[in-house]
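Shown here: start16.txt, compact mmCIF, C-alpha atoms.
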```
# COMPACT_ATOMS: atom_id res chain seq x y z
CA MET A 242 115.67 133.57 45.62
CA ARG A 243 116.52 132.02 42.26
CA ILE A 244 116.98 134.63 39.53
CA ALA A 245 117.26 133.92 35.80
CA PHE A 246 119.02 136.86 34.14
CA ILE A 247 118.88 137.03 30.35
CA GLY A 248 121.05 139.62 28.57
CA LEU A 249 124.46 140.46 30.03
CA GLY A 250 125.59 143.45 27.98
CA ASN A 251 126.91 146.78 29.25
CA MET A 252 123.91 147.21 31.54
CA GLY A 253 122.80 143.65 32.20
CA GLY A 254 126.21 142.42 33.28
CA GLY A 255 126.43 144.81 36.22
CA MET A 256 122.79 144.24 37.13
CA ALA A 257 123.19 140.46 37.25
CA ALA A 258 126.35 140.84 39.34
CA ASN A 259 124.44 142.85 41.92
CA GLN A 260 121.82 140.12 42.16
CA ALA A 261 124.61 137.66 42.92
CA LYS A 262 126.18 140.05 45.47
CA ALA A 263 122.84 140.09 47.28
CA GLY A 264 123.21 136.35 47.88
CA ARG A 265 120.74 135.23 45.26
CA GLN A 266 121.23 132.21 43.00
CA VAL A 267 121.63 133.72 39.54
CA ALA A 268 121.43 131.60 36.40
CA ALA A 269 122.67 133.90 33.64
CA PHE A 270 122.57 133.63 29.86
CA ASP A 271 123.85 135.70 26.97
CA LEU A 272 124.70 134.86 23.38
CA ALA A 273 128.21 136.30 23.86
CA PRO A 274 130.64 133.87 25.56
CA SER A 275 132.70 136.78 26.91
CA ALA A 276 129.62 138.18 28.69
CA LEU A 277 128.95 134.78 30.24
CA GLU A 278 132.54 134.60 31.49
CA ARG A 279 132.20 138.00 33.16
CA ALA A 280 128.97 136.88 34.80
CA LYS A 281 130.64 133.73 36.13
CA ALA A 282 133.46 135.82 37.57
CA ALA A 283 130.84 137.96 39.33
CA GLY A 284 129.25 134.95 41.03
CA CYS A 285 126.56 133.94 38.55
CA ALA A 286 126.07 130.44 37.17
CA ALA A 287 126.35 130.32 33.38
CA ALA A 288 123.38 128.66 31.69
CA GLY A 289 123.63 127.00 28.29
CA SER A 290 120.37 128.48 27.01
CA VAL A 291 117.47 130.71 28.00
CA ALA A 292 115.36 127.62 28.63
CA GLU A 293 117.96 126.22 31.01
CA ALA A 294 118.31 129.54 32.85
CA VAL A 295 114.58 130.01 33.50
CA ARG A 296 113.63 126.40 34.27
CA ASP A 297 113.69 126.71 38.08
CA ALA A 298 113.50 130.49 38.46
CA ASP A 299 111.53 132.39 41.07
CA ALA A 300 111.98 135.49 38.92
CA VAL A 301 113.18 136.15 35.37
CA VAL A 302 114.89 139.45 34.53
CA THR A 303 115.60 140.34 30.90
CA MET A 304 117.79 143.12 29.49
CA LEU A 305 117.61 142.90 25.70
CA PRO A 306 118.37 145.26 22.79
CA ALA A 307 114.95 146.04 21.28
CA GLY A 308 111.27 145.17 21.06
CA PRO A 309 111.59 142.35 18.50
CA HIS A 310 114.17 140.59 20.70
CA VAL A 311 111.91 140.86 23.74
CA ARG A 312 108.87 139.55 21.87
CA LYS A 313 110.82 136.61 20.43
CA VAL A 314 112.64 135.58 23.61
CA TYR A 315 109.49 135.66 25.72
CA ALA A 316 107.27 133.90 23.17
CA GLU A 317 109.72 131.19 22.14
CA GLU A 318 111.94 130.61 25.17
CA ILE A 319 110.72 132.09 28.46
CA LEU A 320 106.97 131.49 28.48
CA PRO A 321 107.22 127.84 27.35
CA ASN A 322 109.93 126.97 29.90
CA ALA A 323 109.63 129.10 33.05
CA PRO A 324 107.51 127.94 36.02
CA LYS A 325 104.11 129.62 36.07
CA THR A 326 104.99 130.92 39.54
CA ALA A 327 107.97 132.91 38.19
CA LEU A 328 107.69 136.70 38.20
CA LEU A 329 108.74 138.06 34.78
CA ILE A 330 110.45 141.48 34.64
CA ASP A 331 111.69 143.05 31.42
CA CYS A 332 114.20 145.87 31.99
CA SER A 333 114.89 146.52 28.30
CA THR A 334 114.02 149.88 26.77
CA ILE A 335 111.49 149.07 24.05
CA ASP A 336 108.36 150.50 22.45
CA VAL A 337 105.22 150.72 24.54
CA ASP A 338 103.22 148.50 22.17
CA SER A 339 105.74 145.65 22.47
CA ALA A 340 105.73 145.91 26.26
CA ARG A 341 101.95 145.70 26.37
CA ALA A 342 101.85 142.84 23.86
CA VAL A 343 104.32 140.76 25.87
CA ALA A 344 102.44 141.55 29.09
CA GLU A 345 99.18 140.39 27.52
CA GLN A 346 100.76 137.20 26.22
CA ALA A 347 102.35 136.48 29.61
CA ARG A 348 99.08 137.10 31.43
CA GLY A 349 97.26 134.83 28.99
CA GLU A 350 99.62 132.01 29.92
CA GLY A 351 99.26 132.55 33.65
CA PHE A 352 102.34 134.66 34.42
CA ARG A 353 102.81 137.93 36.27
CA PHE A 354 104.79 140.43 34.18
CA ALA A 355 106.28 143.90 34.59
CA ASP A 356 108.05 146.28 32.23
CA ALA A 357 110.76 148.00 34.27
CA PRO A 358 113.20 150.03 32.17
CA VAL A 359 116.05 151.79 33.93
CA SER A 360 117.81 155.13 34.14
CA GLY A 361 121.37 155.75 35.29
CA GLY A 362 123.78 154.27 32.74
CA THR A 363 126.54 151.72 33.12
CA ALA A 364 128.09 153.26 36.23
CA ALA A 365 124.78 152.99 38.09
CA ALA A 366 124.24 149.46 36.75
CA ASP A 367 127.59 148.43 38.22
CA ALA A 368 126.96 150.26 41.50
CA GLY A 369 123.41 149.01 41.98
CA THR A 370 121.99 152.53 41.94
CA LEU A 371 119.67 152.49 38.94
CA ALA A 372 116.25 154.10 38.89
CA PHE A 373 113.50 151.72 37.74
CA MET A 374 110.23 152.86 36.14
CA VAL A 375 107.74 150.03 36.52
CA GLY A 376 104.61 149.19 34.59
CA CYS A 377 102.67 146.37 36.26
CA ASP A 378 99.48 145.37 38.04
CA GLU A 379 99.35 147.25 41.33
CA ALA A 380 99.05 144.01 43.29
CA ASP A 381 102.36 142.77 41.86
CA PHE A 382 104.45 145.86 42.60
CA THR A 383 105.70 144.83 46.05
CA ASP A 384 107.08 141.58 44.64
CA VAL A 385 108.58 143.37 41.62
CA GLU A 386 110.29 145.86 43.94
CA ALA A 387 111.73 143.03 46.05
CA VAL A 388 113.33 141.40 42.99
CA ILE A 389 114.72 144.71 41.71
CA GLN A 390 116.00 146.04 45.05
CA PRO A 391 119.68 144.87 44.79
CA MET A 392 120.04 146.79 41.51
CA ALA A 393 118.28 150.00 42.49
CA ARG A 394 118.37 153.32 44.31
CA ALA A 395 114.76 154.03 43.35
CA VAL A 396 111.85 151.87 42.16
CA ILE A 397 108.72 153.76 41.09
CA ARG A 398 105.49 152.30 39.77
CA ALA A 399 104.58 154.42 36.76
CA GLY A 400 101.25 152.70 36.20
CA ASP A 401 99.91 149.64 34.41
CA HIS A 402 101.70 147.61 31.74
CA GLY A 403 103.56 149.83 29.28
CA ALA A 404 103.70 152.80 31.64
CA GLY A 405 107.29 152.04 32.59
CA GLN A 406 108.33 152.27 28.95
CA ALA A 407 106.32 155.47 28.49
CA ALA A 408 108.10 157.03 31.48
CA LYS A 409 111.51 155.96 30.21
CA ILE A 410 111.19 157.37 26.70
CA CYS A 411 109.68 160.64 27.95
CA ASN A 412 112.42 161.02 30.56
CA ASN A 413 115.16 160.36 28.04
CA MET A 414 113.64 162.77 25.56
CA VAL A 415 113.98 165.46 28.24
CA LEU A 416 117.59 164.40 28.83
CA GLY A 417 118.51 164.37 25.14
CA ILE A 418 117.01 167.81 24.54
CA SER A 419 118.50 169.35 27.69
CA MET A 420 121.98 168.06 26.90
CA LEU A 421 121.86 169.71 23.49
CA GLY A 422 120.82 172.99 25.10
CA VAL A 423 123.72 172.77 27.55
CA CYS A 424 126.18 171.94 24.77
CA GLU A 425 124.96 174.84 22.62
CA ALA A 426 125.28 177.19 25.59
CA ILE A 427 128.85 176.03 26.32
CA ALA A 428 129.86 176.45 22.68
CA LEU A 429 128.37 179.95 22.65
CA ALA A 430 129.97 180.88 25.98
CA GLU A 431 133.36 179.85 24.62
CA LYS A 432 132.88 181.96 21.47
CA LEU A 433 131.93 184.93 23.64
CA GLY A 434 135.10 184.60 25.69
CA LEU A 435 133.45 183.11 28.77
CA ASP A 436 135.42 180.24 30.32
CA PRO A 437 133.20 177.08 30.19
CA GLU A 438 134.31 176.16 33.71
CA ARG A 439 133.22 179.57 35.00
CA PHE A 440 129.96 179.13 33.07
CA PHE A 441 129.42 175.91 35.03
CA GLU A 442 129.83 177.79 38.31
CA ILE A 443 127.18 180.26 37.22
CA ALA A 444 124.67 178.00 35.45
CA SER A 445 124.76 175.32 38.16
CA LYS A 446 123.50 177.94 40.62
CA SER A 447 121.17 179.82 38.28
CA SER A 448 117.97 179.26 36.35
CA GLY A 449 119.77 177.16 33.74
CA GLN A 450 120.54 174.49 36.32
CA CYS A 451 119.64 170.95 35.23
CA TRP A 452 120.97 167.40 35.51
CA SER A 453 122.99 167.78 32.30
CA ILE A 454 124.93 170.57 34.01
CA THR A 455 125.27 169.53 37.64
CA SER A 456 125.70 165.75 37.18
CA TYR A 457 126.96 165.32 33.60
CA TYR A 458 128.63 168.53 32.51
CA PRO A 459 129.96 167.92 28.97
CA TRP A 460 133.07 170.09 29.41
CA PRO A 461 136.04 168.38 31.12
CA GLY A 462 136.78 169.45 34.66
CA PRO A 463 133.80 170.57 36.75
CA VAL A 464 132.02 167.21 37.26
CA GLU A 465 134.66 164.61 38.07
CA THR A 466 132.46 161.59 37.32
CA ALA A 467 131.18 162.87 33.95
CA PRO A 468 132.30 161.07 30.76
CA SER A 469 133.76 164.37 29.52
CA ASN A 470 136.65 163.61 31.88
CA ARG A 471 137.18 160.19 30.26
CA GLY A 472 137.34 161.23 26.62
CA TYR A 473 133.56 160.78 26.43
CA GLN A 474 133.91 157.03 26.87
CA GLY A 475 131.59 154.94 29.04
CA GLY A 476 128.37 156.52 30.23
CA PHE A 477 125.45 156.54 27.78
CA ALA A 478 126.32 155.82 24.17
CA THR A 479 125.00 158.14 21.47
CA ALA A 480 123.46 155.16 19.66
CA MET A 481 121.42 154.35 22.78
CA MET A 482 120.20 157.92 23.15
CA LEU A 483 119.27 157.90 19.47
CA LYS A 484 117.34 154.65 19.98
CA ASP A 485 115.34 156.22 22.82
CA LEU A 486 114.59 159.36 20.82
CA LYS A 487 113.38 157.25 17.91
CA LEU A 488 111.08 155.38 20.30
CA ALA A 489 109.77 158.72 21.57
CA GLN A 490 109.04 159.92 18.04
CA GLN A 491 107.36 156.62 17.19
CA ALA A 492 105.20 156.92 20.31
CA ALA A 493 104.38 160.56 19.54
CA ALA A 494 103.27 159.67 16.02
CA THR A 495 101.08 156.83 17.29
CA ALA A 496 99.54 158.94 20.04
CA GLY A 497 99.13 162.05 17.91
CA ALA A 498 101.34 164.12 20.21
CA ALA A 499 103.55 167.03 19.12
CA ALA A 500 107.23 166.54 19.96
CA PRO A 501 109.15 168.94 17.68
CA MET A 502 112.11 169.44 20.02
CA GLY A 503 112.45 165.68 20.33
CA ALA A 504 112.53 165.43 16.54
CA GLN A 505 115.27 168.07 16.33
CA ALA A 506 117.28 166.27 19.01
CA GLU A 507 116.91 162.97 17.15
CA GLY A 508 118.28 164.59 13.99
CA LEU A 509 121.37 166.00 15.72
CA TYR A 510 122.24 162.75 17.51
CA ALA A 511 121.66 160.85 14.25
CA LEU A 512 124.18 163.14 12.54
CA PHE A 513 126.67 162.61 15.37
CA GLU A 514 126.24 158.85 15.04
CA ARG A 515 126.66 158.91 11.25
CA LEU A 516 129.92 160.78 11.71
CA GLY A 517 131.22 157.71 13.52
CA PHE A 518 130.44 158.46 17.17
CA GLY A 519 127.70 155.98 17.97
CA THR A 520 129.70 154.45 20.82
CA THR A 521 130.79 157.85 22.17
CA ASP A 522 128.90 159.21 25.17
CA PHE A 523 126.05 161.41 24.00
CA SER A 524 127.51 164.47 25.76
CA GLY A 525 130.36 164.32 23.24
CA VAL A 526 127.97 166.05 20.82
CA LEU A 527 129.47 169.22 22.34
CA GLN A 528 132.57 168.72 20.19
CA MET A 529 130.44 168.53 17.04
CA LEU A 530 128.74 171.80 17.96
CA ARG A 531 132.15 173.37 18.64
CA GLY A 532 133.43 172.16 15.27
CA ARG A 533 136.12 170.16 17.13
CA LEU A 534 135.45 166.56 16.23
CA ASP A 535 139.21 166.18 15.91
CA GLU A 536 139.38 166.24 19.70
CA LEU A 537 137.20 163.13 19.80
CA HIS A 538 139.21 161.34 17.13
CA GLY A 539 142.34 162.21 19.10
```

Re-express the file's structure as structure tokens.
Amino acid sequence: MRIAFIGLGNMGGGMAANQAKAGRQVAAFDLAPSALERAKAAGCAAAGSVAEAVRDADAVVTMLPAGPHVRKVYAEEILPNAPKTALLIDCSTIDVDSARAVAEQARGEGFRFADAPVSGGTAAADAGTLAFMVGCDEADFTDVEAVIQPMARAVIRAGDHGAGQAAKICNNMVLGISMLGVCEAIALAEKLGLDPERFFEIASKSSGQCWSITSYYPWPGPVETAPSNRGYQGGFATAMMLKDLKLAQQAAATAGAAAPMGAQAEGLYALFERLGFGTTDFSGVLQMLRGRLDELHG
């Protein structure tokens, strides 16, 4: 299988590498020369442009920053140059309207298209254990799943075009809100004289149990793989969580849905970012709530 992979950033680089590890021919492109060098080292062939990468592709996978990038790259570079037989899969996290607009444009030009945003962060991207939420025609899902398989631990069809993006922003709104609740509880426990590690033992086995506790505990120690044990580096950057929460609020406004907790979460992560911690893992917001941002600067 010939894969064109466009966008080799923190997530895309590991994803493209796993396509190459699966024995597929991967033509990779990114605007950053350093990203292209990493892709070459991982077994991909470096393309000189998007057009060159997609020219002979059986499938095109994109991982781009935002909706405008996706719209532009598909309209100007992928659709005019890829074979009509190529399956197009966008794994970026973008707004639902952009996903549906690109799907409609692709369909109008004779292509099959899926929006397939991911959950799991950079560690899962590198390990090939991402969860994919797919929006596509039901008849195309088996082929979409086959292309995605080397990068995934789970591939779920959420519904038709745009449904993958809807699932992603709703899921990450839950995550952003729940992490703040966990961080507030840890900060309170500490003030009340309860050891945060002992609180983990209790909460992870009680009604407060959630992913933000058992898999991503924001206090160093209890969860070895959590970014809290790496100075809150790696993992899921605050700026990316903020992006997803903004998309959720945009979607809520368009749909006429009430999402007040999501709005509050957006405000707190926006403050954390403005204080200079946009590249810090989002669980580092604990130190802001503790009044200990000096520990992050240190």

If you take all atoms listed in the file and a cut-off of 10 Å, which residues of region 314-360 of chain A touch region 300-307 of chain A, and what are their nearest atom pairs and distances in Å to one decimal, in chain and number order, as a Markdown table?
```
| residue | atom | partner | partner_atom | distance |
| --- | --- | --- | --- | --- |
| A:Val314 | CA | A:Leu305 | CA | 9.1 |
| A:Tyr315 | CA | A:Thr303 | CA | 9.3 |
| A:Ile319 | CA | A:Val301 | CA | 8.4 |
| A:Ala323 | CA | A:Val301 | CA | 8.2 |
| A:Pro324 | CA | A:Ala300 | CA | 9.2 |
| A:Thr326 | CA | A:Ala300 | CA | 8.4 |
| A:Ala327 | CA | A:Ala300 | CA | 4.8 |
| A:Leu328 | CA | A:Ala300 | CA | 4.5 |
| A:Leu329 | CA | A:Val301 | CA | 4.9 |
| A:Ile330 | CA | A:Val302 | CA | 4.9 |
| A:Asp331 | CA | A:Thr303 | CA | 4.8 |
| A:Cys332 | CA | A:Met304 | CA | 5.2 |
| A:Ser333 | CA | A:Met304 | CA | 4.6 |
| A:Thr334 | CA | A:Ala307 | CA | 6.8 |
| A:Ile335 | CA | A:Ala307 | CA | 5.4 |
| A:Asp336 | CA | A:Ala307 | CA | 8.0 |
| A:Ser339 | CA | A:Ala307 | CA | 9.3 |
| A:Arg353 | CA | A:Ala300 | CA | 9.9 |
| A:Phe354 | CA | A:Val301 | CA | 9.5 |
| A:Ala355 | CA | A:Val302 | CA | 9.7 |
| A:Asp356 | CA | A:Thr303 | CA | 9.7 |
| A:Ala357 | CA | A:Val302 | CA | 9.5 |
| A:Pro358 | CA | A:Met304 | CA | 8.7 |
| A:Val359 | CA | A:Met304 | CA | 9.9 |
```

Legend entry - One-decimal distance in Å that lies between CA of Ser360 (chain A) and CA of Ala499 (chain A):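 Here the two named atoms are 23.9 Å from each other.
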
Once 6 Å is added on each side, what are the centre and the three edge lengths, in Å to one decimal, of the axis-aligned box enclosing the listed atoms of region 342-356 of chain A? Present them as lines of an AutoDock Vina configuration file.
```
center_x = 102.7
center_y = 139.1
center_z = 30.1
size_x = 22.8
size_y = 26.3
size_z = 24.4
```

Inset, instruction - Dump as number ranges by chain all residues having an atom at most 6 Å from (119.7, 133.3, 29.8), computed in the file's coordinates with all atoms listed in the file. - result: A: 246-247, 269-271, 290-291, 294

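Checking A:Pro321, A:Gly264, A:Gly254, A:Gly532 one by one against Ala347 (chain A), counting only C-alpha atoms, you find the shortest gap at A:Pro321.
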
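Note that CA of Arg312 (chain A) and CA of Ala342 (chain A) are 8.0 Å apart.
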
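The shortest atom-to-atom distance to Met482 (chain A), with all atoms listed in the file taken into account, belongs to A:Lys409 out of A:Lys409, A:Arg341, A:Arg243, A:His310.
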
Legend entry - Residue with smallest distance to Ile418 (chain A) - pool A:Ala404, A:Val464, A:Leu486, A:Ala366, counting only C-alpha atoms: A:Leu486

Legend entry - Interatomic distance (Å, one decimal) between CA of Cys377 (chain A) and CA of Gly349 (chain A):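 CA of Cys377 (chain A) sits 14.7 Å away from CA of Gly349 (chain A).
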
Inset, instruction - Please provide as a VMD selection string all residues within 12 Å of Phe513 (chain A), with the sequence filter that same-chain residues fewer than 2 positions apart are discarded (counting all atoms listed in the file). - result: chain A and resid 421 478 to 480 482 to 483 506 to 511 515 to 530 532 534 537
